[in-house]
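**Student:** What follows is run_27.tsv, TSV, C-alpha atoms.
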```
chain	number	residue	atom	x	y	z
G	655	MET	CA	-101.47	42.91	-20.06
G	656	THR	CA	-98.31	40.89	-19.31
G	657	ARG	CA	-98.96	37.74	-17.33
G	658	PRO	CA	-96.76	37.41	-14.22
G	659	LEU	CA	-94.01	34.82	-14.57
G	660	SER	CA	-93.98	31.86	-12.20
G	661	THR	CA	-91.21	31.84	-9.60
G	662	ASP	CA	-89.56	28.84	-11.28
G	663	THR	CA	-89.62	30.50	-14.71
G	664	LEU	CA	-88.30	33.79	-13.35
G	665	ALA	CA	-85.52	32.01	-11.45
G	666	SER	CA	-84.58	30.04	-14.56
G	667	GLU	CA	-84.40	33.18	-16.71
G	668	ILE	CA	-82.27	34.98	-14.12
G	669	ARG	CA	-79.82	32.08	-13.98
G	670	ALA	CA	-79.65	32.27	-17.78
G	671	GLY	CA	-78.58	35.92	-17.51
G	672	ASN	CA	-81.80	37.47	-18.80
G	673	ARG	CA	-81.45	41.15	-17.90
G	674	ALA	CA	-85.16	41.91	-18.30
G	675	ALA	CA	-85.98	39.08	-15.87
G	676	LEU	CA	-83.38	40.41	-13.43
G	677	ALA	CA	-84.91	43.90	-13.59
G	678	ARG	CA	-88.40	42.48	-13.00
G	679	ALA	CA	-87.15	40.43	-10.06
G	680	ILE	CA	-85.47	43.42	-8.38
G	681	THR	CA	-88.66	45.46	-8.86
G	682	LEU	CA	-90.52	42.56	-7.24
G	683	ILE	CA	-88.27	42.45	-4.16
G	684	GLU	CA	-88.50	46.24	-3.78
G	685	SER	CA	-92.31	46.09	-3.75
G	686	ARG	CA	-94.11	46.57	-0.45
G	687	ARG	CA	-97.15	44.54	-1.48
G	688	LEU	CA	-97.58	41.52	0.79
G	689	ASP	CA	-98.13	39.09	-2.09
G	690	HIS	CA	-95.02	40.42	-3.83
G	691	GLU	CA	-92.98	40.06	-0.64
G	692	ALA	CA	-94.00	36.41	-0.32
G	693	THR	CA	-93.09	35.71	-3.98
G	694	ALA	CA	-89.79	37.56	-3.57
G	695	ARG	CA	-88.82	35.43	-0.56
G	696	GLU	CA	-89.60	32.29	-2.55
G	697	LEU	CA	-87.56	33.55	-5.51
G	698	VAL	CA	-84.47	34.45	-3.45
G	699	GLN	CA	-84.62	31.08	-1.70
G	700	ALA	CA	-84.79	29.29	-5.07
G	701	LEU	CA	-81.76	31.21	-6.35
G	702	LEU	CA	-79.67	30.89	-3.18
G	703	PRO	CA	-77.53	27.97	-4.48
G	704	ALA	CA	-76.42	30.15	-7.42
G	705	THR	CA	-75.19	32.99	-5.18
G	706	GLY	CA	-72.19	33.74	-3.00
G	707	SER	CA	-69.26	33.57	-5.41
G	708	ALA	CA	-69.11	37.24	-6.44
G	709	ILE	CA	-66.71	39.80	-5.01
G	710	ARG	CA	-68.88	42.26	-3.08
G	711	VAL	CA	-67.44	45.77	-2.73
G	712	GLY	CA	-69.05	48.62	-0.81
G	713	ILE	CA	-68.03	52.12	-1.93
G	714	THR	CA	-68.66	55.24	0.09
G	715	GLY	CA	-67.51	58.82	0.26
G	716	SER	CA	-68.92	62.28	0.73
G	717	PRO	CA	-70.91	63.91	-2.10
G	718	GLY	CA	-68.52	65.30	-4.71
G	719	VAL	CA	-65.74	62.80	-4.06
G	720	GLY	CA	-66.36	61.14	-7.42
G	721	LYS	CA	-68.02	57.83	-6.53
G	722	SER	CA	-69.84	57.42	-9.84
G	723	THR	CA	-66.79	58.43	-11.89
G	724	THR	CA	-64.72	55.93	-9.92
G	725	ILE	CA	-67.25	53.15	-10.44
G	726	ASP	CA	-67.40	53.93	-14.15
G	727	ALA	CA	-63.59	53.67	-14.45
G	728	LEU	CA	-63.28	50.62	-12.18
G	729	GLY	CA	-66.18	48.84	-13.86
G	730	MET	CA	-64.73	49.32	-17.34
G	731	PHE	CA	-61.33	48.08	-16.15
G	732	LEU	CA	-62.96	44.94	-14.73
G	733	ILE	CA	-64.98	44.30	-17.90
G	734	GLU	CA	-61.82	44.62	-20.00
G	735	HIS	CA	-60.37	41.85	-17.80
G	736	GLY	CA	-63.30	39.49	-18.32
G	737	HIS	CA	-65.55	40.32	-15.36
G	738	LYS	CA	-69.28	41.00	-15.35
G	739	VAL	CA	-70.11	43.94	-13.11
G	740	ALA	CA	-73.35	44.81	-11.31
G	741	VAL	CA	-73.72	48.21	-9.67
G	742	LEU	CA	-76.35	48.80	-7.01
G	743	ALA	CA	-76.40	52.55	-6.58
G	744	VAL	CA	-78.57	53.83	-3.78
G	745	ASP	CA	-79.89	57.28	-4.68
G	746	PRO	CA	-81.23	59.93	-2.33
G	747	SER	CA	-84.99	59.83	-2.81
G	748	SER	CA	-87.85	62.18	-3.19
G	749	THR	CA	-89.61	62.11	0.18
G	750	ARG	CA	-92.93	62.56	-1.59
G	751	SER	CA	-92.72	59.97	-4.36
G	752	GLY	CA	-89.91	57.75	-3.09
G	753	GLY	CA	-88.27	57.92	-6.51
G	754	SER	CA	-84.58	58.26	-7.30
G	755	ILE	CA	-83.60	61.82	-8.13
G	756	LEU	CA	-79.96	61.69	-9.21
G	757	GLY	CA	-79.93	59.10	-11.97
G	758	ASP	CA	-76.56	57.38	-11.61
G	759	LYS	CA	-76.63	56.05	-15.17
G	760	THR	CA	-76.00	59.54	-16.51
G	761	ARG	CA	-72.79	59.65	-14.45
G	762	MET	CA	-71.59	56.17	-15.50
G	763	ALA	CA	-71.85	56.71	-19.25
G	764	ARG	CA	-69.37	54.03	-20.43
G	765	LEU	CA	-70.48	51.40	-17.95
G	766	SER	CA	-74.18	51.87	-18.65
G	767	ALA	CA	-73.54	51.21	-22.35
G	768	SER	CA	-71.76	47.90	-21.73
G	769	ASP	CA	-73.52	44.55	-22.10
G	770	ALA	CA	-71.25	43.16	-19.35
G	771	ALA	CA	-72.56	45.66	-16.80
G	772	TYR	CA	-75.86	46.09	-15.02
G	773	ILE	CA	-76.63	49.31	-13.15
G	774	ARG	CA	-79.60	49.50	-10.84
G	775	PRO	CA	-80.32	52.82	-9.12
G	776	SER	CA	-82.49	52.09	-6.08
G	777	PRO	CA	-84.35	54.83	-4.21
G	778	ALA	CA	-83.41	55.01	-0.55
G	779	ALA	CA	-87.02	55.94	0.22
G	780	GLY	CA	-86.37	56.87	3.81
G	781	THR	CA	-84.65	53.65	4.87
G	782	LEU	CA	-81.84	53.74	7.41
G	783	GLY	CA	-78.87	55.77	6.24
G	784	GLY	CA	-79.97	55.76	2.64
G	785	VAL	CA	-79.44	52.06	2.01
G	786	ALA	CA	-82.33	50.52	0.11
G	787	ALA	CA	-84.22	48.02	2.21
G	788	ARG	CA	-83.75	45.28	-0.36
G	789	THR	CA	-80.15	45.89	-1.45
G	790	ARG	CA	-79.02	42.54	-0.04
G	791	GLU	CA	-81.62	40.60	-2.01
G	792	ALA	CA	-80.81	42.59	-5.16
G	793	MET	CA	-77.16	41.66	-4.70
G	794	LEU	CA	-78.02	37.95	-4.54
G	795	LEU	CA	-80.16	38.21	-7.67
G	796	CYS	CA	-77.29	39.85	-9.56
G	797	GLU	CA	-74.94	37.06	-8.47
G	798	ALA	CA	-77.43	34.44	-9.62
G	799	ALA	CA	-77.58	36.22	-13.01
G	800	GLY	CA	-73.83	35.69	-13.45
G	801	PHE	CA	-72.33	38.98	-12.28
G	802	ASP	CA	-69.07	38.13	-10.50
G	803	VAL	CA	-68.38	41.61	-9.10
G	804	VAL	CA	-71.08	43.57	-7.28
G	805	LEU	CA	-70.37	47.21	-6.40
G	806	VAL	CA	-72.69	48.82	-3.85
G	807	GLU	CA	-72.53	52.61	-3.87
G	808	THR	CA	-73.90	54.50	-0.86
G	809	VAL	CA	-75.04	58.10	-0.61
G	810	GLY	CA	-72.26	58.62	1.93
G	811	THR	CA	-74.48	59.96	4.69
G	812	GLY	CA	-75.82	58.82	8.03
G	813	GLN	CA	-75.43	55.16	8.94
G	814	SER	CA	-75.30	53.88	5.36
G	815	GLU	CA	-71.60	53.06	5.77
G	816	THR	CA	-72.29	50.53	8.54
G	817	ALA	CA	-75.18	48.98	6.64
G	818	VAL	CA	-73.15	48.52	3.44
G	819	CYS	CA	-70.14	47.25	5.40
G	820	ASP	CA	-72.41	44.55	6.82
G	821	MET	CA	-73.34	43.24	3.37
G	822	THR	CA	-70.05	43.42	1.45
G	823	ASP	CA	-66.64	41.72	1.56
G	824	PHE	CA	-64.56	44.85	1.04
G	825	PHE	CA	-65.38	48.38	2.15
G	826	LEU	CA	-63.73	51.17	0.17
G	827	ALA	CA	-63.73	54.76	1.44
G	828	LEU	CA	-63.05	57.46	-1.15
G	829	MET	CA	-61.45	60.73	-0.09
G	830	LEU	CA	-60.46	64.01	-1.73
G	831	PRO	CA	-56.94	65.49	-1.99
G	832	GLY	CA	-55.78	68.09	0.48
G	833	ALA	CA	-56.60	66.35	3.76
G	834	GLY	CA	-55.14	69.01	6.08
G	835	ASP	CA	-57.91	70.38	8.27
G	836	GLU	CA	-60.37	68.02	6.60
G	837	LEU	CA	-58.57	65.15	8.30
G	838	GLN	CA	-59.70	66.55	11.65
G	839	GLY	CA	-63.33	66.31	10.60
G	840	ILE	CA	-63.21	62.80	9.17
G	841	LYS	CA	-65.52	60.35	10.86
G	842	LYS	CA	-63.43	58.00	12.97
G	843	GLY	CA	-66.06	55.29	12.57
G	844	LEU	CA	-65.78	55.41	8.78
G	845	VAL	CA	-61.99	55.05	8.86
G	846	GLU	CA	-62.26	52.11	11.26
G	847	LEU	CA	-64.71	50.36	8.93
G	848	ALA	CA	-62.69	50.92	5.77
G	849	ASP	CA	-60.62	48.09	4.28
G	850	MET	CA	-58.88	50.71	2.13
G	851	ILE	CA	-58.81	54.48	1.73
G	852	ALA	CA	-58.44	55.77	-1.82
G	853	VAL	CA	-57.70	59.43	-2.52
G	854	ASN	CA	-59.35	60.43	-5.80
G	855	LYS	CA	-58.51	63.19	-8.28
G	856	ALA	CA	-54.76	62.48	-8.19
G	857	ASP	CA	-54.22	64.11	-11.57
G	858	GLY	CA	-52.76	67.33	-12.96
G	859	ASP	CA	-52.00	69.92	-10.28
G	860	ASN	CA	-53.68	67.75	-7.65
G	861	ILE	CA	-51.06	64.97	-7.60
G	862	LYS	CA	-48.90	66.50	-4.86
G	863	ARG	CA	-51.94	67.34	-2.75
G	864	ALA	CA	-53.29	63.80	-3.18
G	865	ASN	CA	-49.98	62.25	-2.12
G	866	ARG	CA	-49.83	64.56	0.89
G	867	ALA	CA	-53.39	63.62	1.86
G	868	ALA	CA	-52.59	59.92	1.48
G	869	ALA	CA	-49.60	60.28	3.82
G	870	GLU	CA	-51.78	61.94	6.44
G	871	TYR	CA	-54.44	59.24	6.18
G	872	ARG	CA	-51.75	56.57	6.61
G	873	SER	CA	-50.61	58.29	9.79
G	874	ALA	CA	-54.20	58.41	11.04
G	875	LEU	CA	-54.71	54.70	10.34
G	876	HIS	CA	-51.62	53.77	12.35
G	877	ILE	CA	-53.20	55.02	15.55
G	878	LEU	CA	-56.48	53.17	14.99
G	879	SER	CA	-57.13	49.48	15.47
G	880	PRO	CA	-57.55	47.74	12.10
G	881	ARG	CA	-60.81	45.96	11.42
G	882	SER	CA	-58.96	42.67	10.95
G	883	GLU	CA	-55.73	41.34	12.40
G	884	HIS	CA	-55.03	39.83	8.98
G	885	TRP	CA	-55.27	43.09	7.01
G	886	GLN	CA	-53.72	46.52	7.45
G	887	PRO	CA	-55.87	48.94	5.40
G	888	PRO	CA	-53.74	50.56	2.69
G	889	VAL	CA	-54.08	54.11	1.40
G	890	VAL	CA	-53.78	54.60	-2.36
G	891	THR	CA	-54.12	57.49	-4.76
G	892	TYR	CA	-55.83	57.31	-8.15
G	893	SER	CA	-57.76	59.30	-10.73
G	894	GLY	CA	-61.28	58.27	-11.62
G	895	LEU	CA	-61.11	60.72	-14.52
G	896	THR	CA	-57.96	59.38	-16.22
G	897	GLY	CA	-58.01	55.83	-14.83
G	898	THR	CA	-54.52	56.16	-13.35
G	899	GLY	CA	-54.16	53.93	-10.29
G	900	ILE	CA	-57.35	51.93	-10.96
G	901	PRO	CA	-55.45	48.63	-11.62
G	902	GLU	CA	-53.53	49.05	-8.35
G	903	LEU	CA	-56.76	49.82	-6.50
G	904	TRP	CA	-58.35	46.60	-7.75
G	905	GLN	CA	-55.20	44.60	-6.97
G	906	LYS	CA	-55.54	45.60	-3.31
G	907	ILE	CA	-59.14	44.32	-3.29
G	908	VAL	CA	-57.95	40.98	-4.71
G	909	GLU	CA	-55.13	40.80	-2.15
G	910	HIS	CA	-57.61	41.45	0.66
G	911	ARG	CA	-59.86	38.61	-0.52
G	912	THR	CA	-56.89	36.23	-0.69
G	913	ALA	CA	-55.77	37.18	2.84
G	914	MET	CA	-59.28	36.86	4.29
G	915	GLN	CA	-59.86	33.45	2.66
G	916	ALA	CA	-56.48	32.14	3.83
G	917	SER	CA	-57.20	33.14	7.43
G	918	GLY	CA	-60.78	31.82	7.44
G	919	GLU	CA	-62.11	35.28	8.20
G	920	PHE	CA	-63.84	35.58	4.83
G	921	ALA	CA	-66.24	32.71	5.59
G	922	ALA	CA	-66.71	33.93	9.18
G	923	ARG	CA	-67.66	37.44	7.98
G	924	ARG	CA	-70.14	36.10	5.45
G	925	SER	CA	-71.76	33.96	8.17
G	926	GLN	CA	-72.01	36.90	10.58
G	927	GLN	CA	-73.55	39.03	7.83
G	928	GLN	CA	-76.21	36.40	7.22
G	929	VAL	CA	-77.20	36.43	10.90
G	930	LYS	CA	-77.29	40.25	11.00
G	931	TRP	CA	-79.44	40.16	7.88
G	932	MET	CA	-81.85	37.76	9.57
G	933	TRP	CA	-82.32	40.09	12.56
G	934	SER	CA	-82.69	43.10	10.28
G	935	MET	CA	-85.44	41.29	8.37
G	936	PHE	CA	-87.07	40.27	11.65
G	937	GLU	CA	-87.21	43.90	12.78
G	938	ASP	CA	-88.71	44.86	9.40
G	939	ARG	CA	-91.39	42.17	9.83
G	940	MET	CA	-92.31	43.43	13.29
G	941	LYS	CA	-92.59	47.02	12.07
G	942	ALA	CA	-94.68	45.83	9.11
G	943	ARG	CA	-97.11	44.16	11.53
G	944	LEU	CA	-97.42	47.40	13.50
G	945	ARG	CA	-98.19	49.29	10.29
G	946	GLY	CA	-100.40	46.65	8.72
G	947	ASP	CA	-103.15	46.31	11.35
G	948	ALA	CA	-105.46	49.33	11.67
G	949	ALA	CA	-106.36	48.58	15.30
G	950	ILE	CA	-102.70	48.20	16.29
G	951	ARG	CA	-101.79	51.40	14.40
G	952	ALA	CA	-104.37	53.34	16.42
G	953	LYS	CA	-103.03	51.98	19.72
G	954	VAL	CA	-99.44	52.77	18.71
G	955	LYS	CA	-100.46	56.32	17.81
G	956	ALA	CA	-102.12	56.74	21.20
G	957	THR	CA	-99.01	55.38	22.92
G	958	GLU	CA	-96.80	57.79	20.97
G	959	ALA	CA	-99.02	60.69	22.07
G	960	ALA	CA	-98.78	59.58	25.70
G	961	VAL	CA	-94.96	59.54	25.47
G	962	ALA	CA	-94.88	62.94	23.74
G	963	GLU	CA	-97.07	64.45	26.47
G	964	GLY	CA	-94.94	62.94	29.22
G	965	ARG	CA	-97.70	60.74	30.64
G	966	ILE	CA	-95.71	57.52	30.34
G	967	THR	CA	-92.02	56.73	29.94
G	968	PRO	CA	-90.56	55.51	26.62
G	969	ALA	CA	-89.57	52.27	28.35
G	970	LEU	CA	-93.14	51.53	29.46
G	971	ALA	CA	-94.44	52.52	26.02
G	972	ALA	CA	-92.03	50.08	24.36
G	973	ASP	CA	-93.34	47.29	26.61
G	974	GLN	CA	-96.92	48.15	25.69
G	975	ILE	CA	-96.14	48.10	21.96
G	976	ALA	CA	-94.32	44.78	22.34
G	977	GLU	CA	-97.43	43.36	24.01
G	978	LEU	CA	-99.48	44.33	20.95
G	979	LEU	CA	-97.38	41.94	18.85
G	980	ARG	CA	-97.94	38.91	21.07
```
For the structure just supplied, provide its representation as structure tokens.

**Tutor:**
Amino acid sequence: MTRPLSTDTLASEIRAGNRAALARAITLIESRRLDHEATARELVQALLPATGSAIRVGITGSPGVGKSTTIDALGMFLIEHGHKVAVLAVDPSSTRSGGSILGDKTRMARLSASDAAYIRPSPAAGTLGGVAARTREAMLLCEAAGFDVVLVETVGTGQSETAVCDMTDFFLALMLPGAGDELQGIKKGLVELADMIAVNKADGDNIKRANRAAAEYRSALHILSPRSEHWQPPVVTYSGLTGTGIPELWQKIVEHRTAMQASGEFAARRSQQQVKWMWSMFEDRMKARLRGDAAIRAKVKATEAAVAEGRITPALAADQIAELLR
């Protein structure tokens, strides 16, 4: 049986770029065991000085848009230019086992074979919008291990876009060619969050359709308020399959970082994200207390039943549950 590593030893091995240690550490932070959670907090705190310098990019898009193909092409381009790339891909999960069911590594064949890349599929396991509860901590661990670009792929459903936007520096929304009527159904909130819209599959017979879709997205962006006064989100076309347009796509991400740092907004965003993270963790802790005490669980269940039967209002029930935590 393998003896557990001490926090100091594990932190040291992660800083040295030991991939096996990184994998063990991410498994540790994803664990729901109370002793593991305490060790994970200690580990992340120890590694904090070695984090923060990576470019953090969130990537979203509806199923079928080609997120994994795009990440494979972008990741290989970055590696060819001297970067080390970590991919945190949040899979839809089995509701029974909590396990990942898509297996992103099979759809990022070149990247998964590279020593300069690290791909970690994380089961969403029922967390909000499909974003793994510990994605932020996993991102910090990857940075501490020397990865200077972290790509966070979402399942592209629910509120995952907002959650990933709140933990990354640049939020990239991938779209398909042939906007047309599809443009009417696009989520306004997603477009307002995006730092760039990229239309994929601009190859072969699709090039004209992709350019037409890009023009329509540009028109849509002009009537919406940009997320930052220092950045007007561009719309680009590219092909994840052939790699055409990938260098230009990355150049826009670099330009955005330069603009945000020059204006001071980069540091401000990172600070705001830290505070949001704190409150998110606080809410998790409160819910864990409600689940962890058998007596409290029974009272909560009784309160839920009273609300469902219309005997008390949700507002009064919330007050009663809050009292249980005092």

**Student:** Identify, on the basis of only C-alpha atoms, every residue whose closest approach to region 889-892 of chain G does not exceed 12 Å; exclude the query and any residue fewer than 4 positions from it along the same chain; express the result as a ChimeraX atom specification.

**Tutor:** /G:720,723-724,727-728,826-832,845,848-858,860-876,896-907

**Student:** I'd like to know which of G:Ala704, G:Val806, G:Leu795, G:Ala913 is closest to Thr681 (chain G), using all atoms listed in the file.

**Tutor:** G:Leu795

**Student:** What does the distance from CA of His910 (chain G) to CA of Leu732 (chain G) come to in Å, to one decimal?

**Tutor:**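 These two atoms are separated by 16.7 Å.
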
**Student:** Please report the interatomic distance between CA of Ile709 (chain G) and CA of Val739 (chain G) in Å with one decimal.

**Tutor:**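 These two atoms are separated by 9.7 Å.
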
**Student:** Choose the residue, out of G:Glu883, G:Glu846, G:Glu909, G:Glu696, that has the smallest atom-to-atom separation from Asp662 (chain G); count all atoms listed in the file.

**Tutor:**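 Ranking G:Glu883, G:Glu846, G:Glu909, G:Glu696 by distance to Asp662 (chain G), first place goes to G:Glu696.
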
**Student:** Identify, on the basis of all atoms listed in the file, every residue whose closest approach to Thr789 (chain G) does not exceed 9 Å; exclude the query and any residue fewer than 4 positions from it along the same chain; express the result as a PyMOL selection string.

**Tutor:** chain G and resi 684+742+744+776+785+793-794+806+818+821

**Student:** Between CA of Gly729 (chain G) and CA of Pro703 (chain G), what is the distance in Å, rounded to a tenth?

**Tutor:**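 CA of Gly729 (chain G) sits 25.5 Å away from CA of Pro703 (chain G).
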
**Student:** Could you check the closest approach to Ala694 (chain G) for each of G:Gln915, G:Ser934, G:Thr816, G:Thr661 and tell me which residue wins, using only C-alpha atoms?

**Tutor:**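 Smallest distance to Ala694 (chain G) is found for G:Thr661.
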
**Student:** With distances taken over all atoms listed in the file, which of G:Ala679, G:Arg764, G:Pro717, G:Ala770 is nearest to Gly736 (chain G)?

**Tutor:**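 Between G:Ala679, G:Arg764, G:Pro717, G:Ala770, the residue approaching Gly736 (chain G) most closely is G:Ala770.
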
**Student:** Within 9 Å of (-67.7, 34.9, 2.3) in the file's own coordinates, which protein, DNA or RNA residues have an atom, counting only C-alpha atoms? List them as a CSV table (one decimal) with C-alpha atoms, keeping the file's coordinate frame.

**Tutor:**
```
chain,number,residue,atom,x,y,z
G,706,GLY,CA,-72.2,33.7,-3.0
G,707,SER,CA,-69.3,33.6,-5.4
G,709,ILE,CA,-66.7,39.8,-5.0
G,822,THR,CA,-70.0,43.4,1.4
G,823,ASP,CA,-66.6,41.7,1.6
G,914,MET,CA,-59.3,36.9,4.3
G,915,GLN,CA,-59.9,33.4,2.7
G,919,GLU,CA,-62.1,35.3,8.2
G,920,PHE,CA,-63.8,35.6,4.8
G,921,ALA,CA,-66.2,32.7,5.6
G,922,ALA,CA,-66.7,33.9,9.2
G,923,ARG,CA,-67.7,37.4,8.0
G,924,ARG,CA,-70.1,36.1,5.4
G,925,SER,CA,-71.8,34.0,8.2
```

**Student:** Step by step: start from the point (-99.9, 40.2, 5.8) in the file's coordinates, keep every protein, DNA or RNA residue that has an atom no farther than 9 Å from it, count only C-alpha atoms, and write the set as a compact mmCIF listing (two decimals) with C-alpha atoms, in the coordinates of the input.

**Tutor:**
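In the end it all went to result_24.txt:
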```
# COMPACT_ATOMS: atom_id res chain seq x y z
CA ARG G 687 -97.15 44.54 -1.48
CA LEU G 688 -97.58 41.52 0.79
CA ASP G 689 -98.13 39.09 -2.09
CA ALA G 942 -94.68 45.83 9.11
CA ARG G 943 -97.11 44.16 11.53
CA GLY G 946 -100.40 46.65 8.72
CA ASP G 947 -103.15 46.31 11.35
```

**Student:** My list of candidates is G:Ala665, G:Glu807, G:Trp931, G:Ser917. Which is closest to Trp885 (chain G) when distances are computed with all atoms listed in the file?

**Tutor:**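 Among G:Ala665, G:Glu807, G:Trp931, G:Ser917, it is G:Ser917 that comes nearest to Trp885 (chain G).
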
**Student:** Taking into account only C-alpha atoms, which residue in the set G:Ile713, G:Leu702, G:Ala972, G:Leu697 is nearest to Ala675 (chain G)?

**Tutor:**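 That would be G:Leu697, the residue with the smallest distance to Ala675 (chain G).
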
**Student:** Once 5 Å is added on each side, what are the centre and the three edge lengths, in Å to one decimal, of the axis-aligned box enclosing the listed atoms of region 879-896 of chain G? Present them as AutoDock Vina command-line options.

**Tutor:**
```
--center_x -57.5 --center_y 50.3 --center_z -0.4 --size_x 17.6 --size_y 30.9 --size_z 41.7
```
